[in-house]
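Note: the block below is input-v3.tsv and it holds TSV, C-alpha atoms.
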```tsv
chain	number	residue	atom	x	y	z
A	1	MET	CA	-24.64	-13.28	0.32
A	2	THR	CA	-22.57	-12.55	3.42
A	3	ILE	CA	-19.99	-15.13	2.39
A	4	LEU	CA	-19.59	-13.47	-1.01
A	5	LEU	CA	-19.13	-10.08	0.63
A	6	VAL	CA	-16.50	-11.46	3.01
A	7	LEU	CA	-14.70	-13.16	0.11
A	8	ALA	CA	-14.77	-9.93	-1.90
A	9	VAL	CA	-13.32	-8.01	1.04
A	10	ILE	CA	-10.58	-10.65	1.48
A	11	VAL	CA	-9.66	-10.51	-2.21
A	12	ALA	CA	-9.64	-6.70	-2.20
A	13	ALA	CA	-7.47	-6.67	0.93
A	14	GLY	CA	-5.09	-9.14	-0.71
A	15	LEU	CA	-4.74	-6.94	-3.77
A	16	VAL	CA	-4.15	-3.87	-1.65
A	17	LEU	CA	-1.58	-5.76	0.45
A	18	PHE	CA	0.23	-6.76	-2.73
A	19	ALA	CA	0.29	-3.15	-3.90
A	20	LEU	CA	1.48	-2.08	-0.45
A	21	ALA	CA	4.34	-4.57	-0.47
A	22	ARG	CA	5.33	-3.50	-3.98
A	23	GLY	CA	5.23	0.16	-2.97
A	24	LEU	CA	7.38	-0.47	0.08
A	25	PHE	CA	9.89	-2.39	-2.03
A	26	TYR	CA	10.25	0.45	-4.52
A	27	PHE	CA	10.37	2.99	-1.70
A	28	ALA	CA	13.22	1.07	-0.09
A	29	GLN	CA	15.13	1.04	-3.37
A	30	GLY	CA	14.71	4.78	-3.77
A	31	HIS	CA	15.62	5.41	-0.14
A	32	ARG	CA	18.80	3.37	-0.58
A	33	ALA	CA	19.72	5.45	-3.63
A	34	ALA	CA	19.06	8.66	-1.69
A	35	MET	CA	21.29	7.49	1.15
A	36	ASP	CA	24.06	6.62	-1.31
A	37	GLY	CA	23.78	10.06	-2.85
A	38	THR	CA	22.90	8.68	-6.26
A	39	ALA	CA	19.25	9.77	-6.18
A	40	HIS	CA	18.09	12.66	-8.30
A	41	GLU	CA	15.60	15.27	-7.12
A	42	ASN	CA	12.92	13.54	-9.18
A	43	GLN	CA	13.50	10.26	-7.32
A	44	VAL	CA	13.16	12.01	-3.96
A	45	MET	CA	9.79	13.44	-5.02
A	46	GLN	CA	8.69	10.02	-6.25
A	47	ASN	CA	9.64	8.54	-2.86
A	48	LYS	CA	7.47	11.10	-1.09
A	49	MET	CA	4.56	10.31	-3.39
A	50	MET	CA	5.11	6.57	-2.91
A	51	MET	CA	5.07	6.93	0.86
A	52	ALA	CA	1.79	8.84	0.68
A	53	ARG	CA	0.34	6.07	-1.49
A	54	VAL	CA	1.56	3.40	0.93
A	55	LYS	CA	-0.10	5.27	3.83
A	56	TRP	CA	-3.44	5.35	2.03
A	57	GLN	CA	-3.14	1.69	1.07
A	58	ALA	CA	-2.62	0.81	4.74
A	59	ILE	CA	-5.71	2.82	5.66
A	60	THR	CA	-7.65	1.01	2.92
A	61	ILE	CA	-6.59	-2.37	4.30
A	62	ILE	CA	-7.78	-1.43	7.77
A	63	LEU	CA	-11.14	-0.25	6.42
A	64	LEU	CA	-11.58	-3.39	4.32
A	65	VAL	CA	-10.86	-5.59	7.33
A	66	LEU	CA	-13.37	-3.66	9.42
A	67	ILE	CA	-16.01	-3.98	6.70
A	68	GLY	CA	-15.30	-7.70	6.49
A	69	PHE	CA	-15.73	-8.13	10.25
A	70	LEU	CA	-18.95	-6.13	10.20
A	71	ALA	CA	-20.28	-8.19	7.28
A	72	ALA	CA	-19.32	-11.45	8.98
A	73	GLY	CA	-21.03	-10.35	12.19
A	74	SER	CA	-24.33	-9.58	10.41
```
Starting from the coordinates I provided, produce the structure as structure tokens.
Amino acid sequence: MTILLVLAVIVAAGLVLFALARGLFYFAQGHRAAMDGTAHENQVMQNKMMMARVKWQAITIILLVLIGFLAAGS
């Protein structure tokens, strides 16, 4: 049972890491457009929302890792 929980946490963390990497990639593209002056106001708002999402995904990864360590220690 513990092994299944640890595997589930690892898979969930992997999925969140993938979403985090994707979010950072799109954020970098939008940031580059903003620096070039080609970004619209809508893109700037989307960048702010993306950064908030990336922050929460990082928090989720940390919590999943902690849960995995606690489950492995039990």
Open item on the list: Can you measure atom CA of Phe18 of chain A to atom CA of Leu5 of chain A for me? One decimal in Å is fine.
Closed with: 19.9 Å
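Compared by their closest atoms to Arg22 of chain A, and using all atoms listed in the file, the residues A:Leu63, A:Gly73, A:Trp56, A:Met50 rank with A:Met50 nearest.
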- [ ] Could you check how far atom CA of Ala19 of chain A sits from atom CA of Ile59 of chain A, in Å to one decimal?
- [x] 12.8 Å
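A straight line drawn from atom CA of Ala28 of chain A to atom CA of His40 of chain A is 15.0 Å long.
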Within 10 Å of Phe27 of chain A, counting all atoms listed in the file, which residues qualify if same-chain residues fewer than 5 places away don't, as a short mmCIF file (atom, residue, chain, number, x, y, z; two decimals) with C-alpha atoms, in the frame of the given file?
```
data_model
loop_
_atom_site.label_atom_id
_atom_site.label_comp_id
_atom_site.auth_asym_id
_atom_site.auth_seq_id
_atom_site.Cartn_x
_atom_site.Cartn_y
_atom_site.Cartn_z
CA ALA A 21 4.34 -4.57 -0.47
CA ARG A 22 5.33 -3.50 -3.98
CA ARG A 32 18.80 3.37 -0.58
CA ALA A 33 19.72 5.45 -3.63
CA GLN A 43 13.50 10.26 -7.32
CA VAL A 44 13.16 12.01 -3.96
CA GLN A 46 8.69 10.02 -6.25
CA ASN A 47 9.64 8.54 -2.86
CA LYS A 48 7.47 11.10 -1.09
CA MET A 49 4.56 10.31 -3.39
CA MET A 50 5.11 6.57 -2.91
CA MET A 51 5.07 6.93 0.86
CA VAL A 54 1.56 3.40 0.93
#
```
TODO: Would you please work out which residue, of A:Ala34, A:Leu4, A:Met45, A:Ala12, is nearest to Ile62 of chain A when using only C-alpha atoms?
DONE: A:Ala12
Completed segment 1-12 of chain A (all heavy atoms) as a PDB file, in the frame of the given file:
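Output below, filename rebuild.pdb:
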```
ATOM      1  N   MET A   1     -24.979 -14.652   0.664  1.00  0.00           N
ATOM      2  CA  MET A   1     -24.640 -13.280   0.320  1.00  0.00           C
ATOM      3  C   MET A   1     -23.518 -12.744   1.205  1.00  0.00           C
ATOM      4  O   MET A   1     -22.615 -12.080   0.719  1.00  0.00           O
ATOM      5  CB  MET A   1     -25.910 -12.421   0.436  1.00  0.00           C
ATOM      6  CG  MET A   1     -25.701 -10.996   0.052  1.00  0.00           C
ATOM      7  SD  MET A   1     -25.377 -10.894  -1.709  1.00  0.00           S
ATOM      8  CE  MET A   1     -25.266  -9.178  -1.919  1.00  0.00           C
ATOM      9  N   THR A   2     -23.587 -13.030   2.491  1.00  0.00           N
ATOM     10  CA  THR A   2     -22.570 -12.550   3.420  1.00  0.00           C
ATOM     11  C   THR A   2     -21.221 -13.175   3.092  1.00  0.00           C
ATOM     12  O   THR A   2     -20.196 -12.500   3.164  1.00  0.00           O
ATOM     13  CB  THR A   2     -22.962 -12.891   4.873  1.00  0.00           C
ATOM     14  OG1 THR A   2     -24.238 -12.321   5.141  1.00  0.00           O
ATOM     15  CG2 THR A   2     -21.964 -12.352   5.846  1.00  0.00           C
ATOM     16  N   ILE A   3     -21.238 -14.451   2.713  1.00  0.00           N
ATOM     17  CA  ILE A   3     -19.990 -15.130   2.390  1.00  0.00           C
ATOM     18  C   ILE A   3     -19.334 -14.484   1.166  1.00  0.00           C
ATOM     19  O   ILE A   3     -18.115 -14.283   1.142  1.00  0.00           O
ATOM     20  CB  ILE A   3     -20.233 -16.635   2.149  1.00  0.00           C
ATOM     21  CG1 ILE A   3     -20.653 -17.299   3.452  1.00  0.00           C
ATOM     22  CG2 ILE A   3     -18.993 -17.308   1.589  1.00  0.00           C
ATOM     23  CD1 ILE A   3     -21.086 -18.727   3.302  1.00  0.00           C
ATOM     24  N   LEU A   4     -20.140 -14.126   0.176  1.00  0.00           N
ATOM     25  CA  LEU A   4     -19.590 -13.470  -1.010  1.00  0.00           C
ATOM     26  C   LEU A   4     -18.997 -12.107  -0.667  1.00  0.00           C
ATOM     27  O   LEU A   4     -17.940 -11.738  -1.185  1.00  0.00           O
ATOM     28  CB  LEU A   4     -20.670 -13.318  -2.081  1.00  0.00           C
ATOM     29  CG  LEU A   4     -21.134 -14.614  -2.750  1.00  0.00           C
ATOM     30  CD1 LEU A   4     -22.273 -14.324  -3.721  1.00  0.00           C
ATOM     31  CD2 LEU A   4     -19.975 -15.272  -3.467  1.00  0.00           C
ATOM     32  N   LEU A   5     -19.653 -11.381   0.216  1.00  0.00           N
ATOM     33  CA  LEU A   5     -19.130 -10.080   0.630  1.00  0.00           C
ATOM     34  C   LEU A   5     -17.811 -10.233   1.373  1.00  0.00           C
ATOM     35  O   LEU A   5     -16.861  -9.500   1.120  1.00  0.00           O
ATOM     36  CB  LEU A   5     -20.154  -9.355   1.508  1.00  0.00           C
ATOM     37  CG  LEU A   5     -19.749  -7.970   2.010  1.00  0.00           C
ATOM     38  CD1 LEU A   5     -19.504  -7.031   0.842  1.00  0.00           C
ATOM     39  CD2 LEU A   5     -20.811  -7.414   2.927  1.00  0.00           C
ATOM     40  N   VAL A   6     -17.743 -11.216   2.265  1.00  0.00           N
ATOM     41  CA  VAL A   6     -16.500 -11.460   3.010  1.00  0.00           C
ATOM     42  C   VAL A   6     -15.393 -11.877   2.051  1.00  0.00           C
ATOM     43  O   VAL A   6     -14.257 -11.404   2.162  1.00  0.00           O
ATOM     44  CB  VAL A   6     -16.730 -12.514   4.118  1.00  0.00           C
ATOM     45  CG1 VAL A   6     -15.421 -12.934   4.741  1.00  0.00           C
ATOM     46  CG2 VAL A   6     -17.674 -11.976   5.175  1.00  0.00           C
ATOM     47  N   LEU A   7     -15.706 -12.751   1.096  1.00  0.00           N
ATOM     48  CA  LEU A   7     -14.700 -13.160   0.110  1.00  0.00           C
ATOM     49  C   LEU A   7     -14.228 -11.985  -0.736  1.00  0.00           C
ATOM     50  O   LEU A   7     -13.038 -11.851  -1.025  1.00  0.00           O
ATOM     51  CB  LEU A   7     -15.247 -14.267  -0.782  1.00  0.00           C
ATOM     52  CG  LEU A   7     -15.371 -15.647  -0.134  1.00  0.00           C
ATOM     53  CD1 LEU A   7     -16.039 -16.620  -1.101  1.00  0.00           C
ATOM     54  CD2 LEU A   7     -14.004 -16.163   0.274  1.00  0.00           C
ATOM     55  N   ALA A   8     -15.145 -11.105  -1.114  1.00  0.00           N
ATOM     56  CA  ALA A   8     -14.770  -9.930  -1.900  1.00  0.00           C
ATOM     57  C   ALA A   8     -13.857  -9.013  -1.095  1.00  0.00           C
ATOM     58  O   ALA A   8     -12.880  -8.468  -1.626  1.00  0.00           O
ATOM     59  CB  ALA A   8     -16.022  -9.177  -2.343  1.00  0.00           C
ATOM     60  N   VAL A   9     -14.155  -8.848   0.179  1.00  0.00           N
ATOM     61  CA  VAL A   9     -13.320  -8.010   1.040  1.00  0.00           C
ATOM     62  C   VAL A   9     -11.932  -8.637   1.187  1.00  0.00           C
ATOM     63  O   VAL A   9     -10.912  -7.946   1.139  1.00  0.00           O
ATOM     64  CB  VAL A   9     -13.983  -7.786   2.407  1.00  0.00           C
ATOM     65  CG1 VAL A   9     -13.029  -7.169   3.396  1.00  0.00           C
ATOM     66  CG2 VAL A   9     -15.221  -6.920   2.250  1.00  0.00           C
ATOM     67  N   ILE A  10     -11.872  -9.963   1.336  1.00  0.00           N
ATOM     68  CA  ILE A  10     -10.580 -10.650   1.480  1.00  0.00           C
ATOM     69  C   ILE A  10      -9.753 -10.501   0.207  1.00  0.00           C
ATOM     70  O   ILE A  10      -8.555 -10.219   0.265  1.00  0.00           O
ATOM     71  CB  ILE A  10     -10.792 -12.136   1.834  1.00  0.00           C
ATOM     72  CG1 ILE A  10     -11.330 -12.253   3.265  1.00  0.00           C
ATOM     73  CG2 ILE A  10      -9.509 -12.930   1.678  1.00  0.00           C
ATOM     74  CD1 ILE A  10     -11.795 -13.641   3.636  1.00  0.00           C
ATOM     75  N   VAL A  11     -10.380 -10.660  -0.942  1.00  0.00           N
ATOM     76  CA  VAL A  11      -9.660 -10.510  -2.210  1.00  0.00           C
ATOM     77  C   VAL A  11      -9.173  -9.076  -2.380  1.00  0.00           C
ATOM     78  O   VAL A  11      -8.025  -8.840  -2.761  1.00  0.00           O
ATOM     79  CB  VAL A  11     -10.561 -10.931  -3.401  1.00  0.00           C
ATOM     80  CG1 VAL A  11      -9.957 -10.525  -4.726  1.00  0.00           C
ATOM     81  CG2 VAL A  11     -10.797 -12.440  -3.355  1.00  0.00           C
ATOM     82  N   ALA A  12     -10.040  -8.105  -2.076  1.00  0.00           N
ATOM     83  CA  ALA A  12      -9.640  -6.700  -2.200  1.00  0.00           C
ATOM     84  C   ALA A  12      -8.490  -6.384  -1.249  1.00  0.00           C
ATOM     85  O   ALA A  12      -7.537  -5.697  -1.615  1.00  0.00           O
ATOM     86  CB  ALA A  12     -10.832  -5.786  -1.913  1.00  0.00           C
TER      87      ALA A  12
END
```
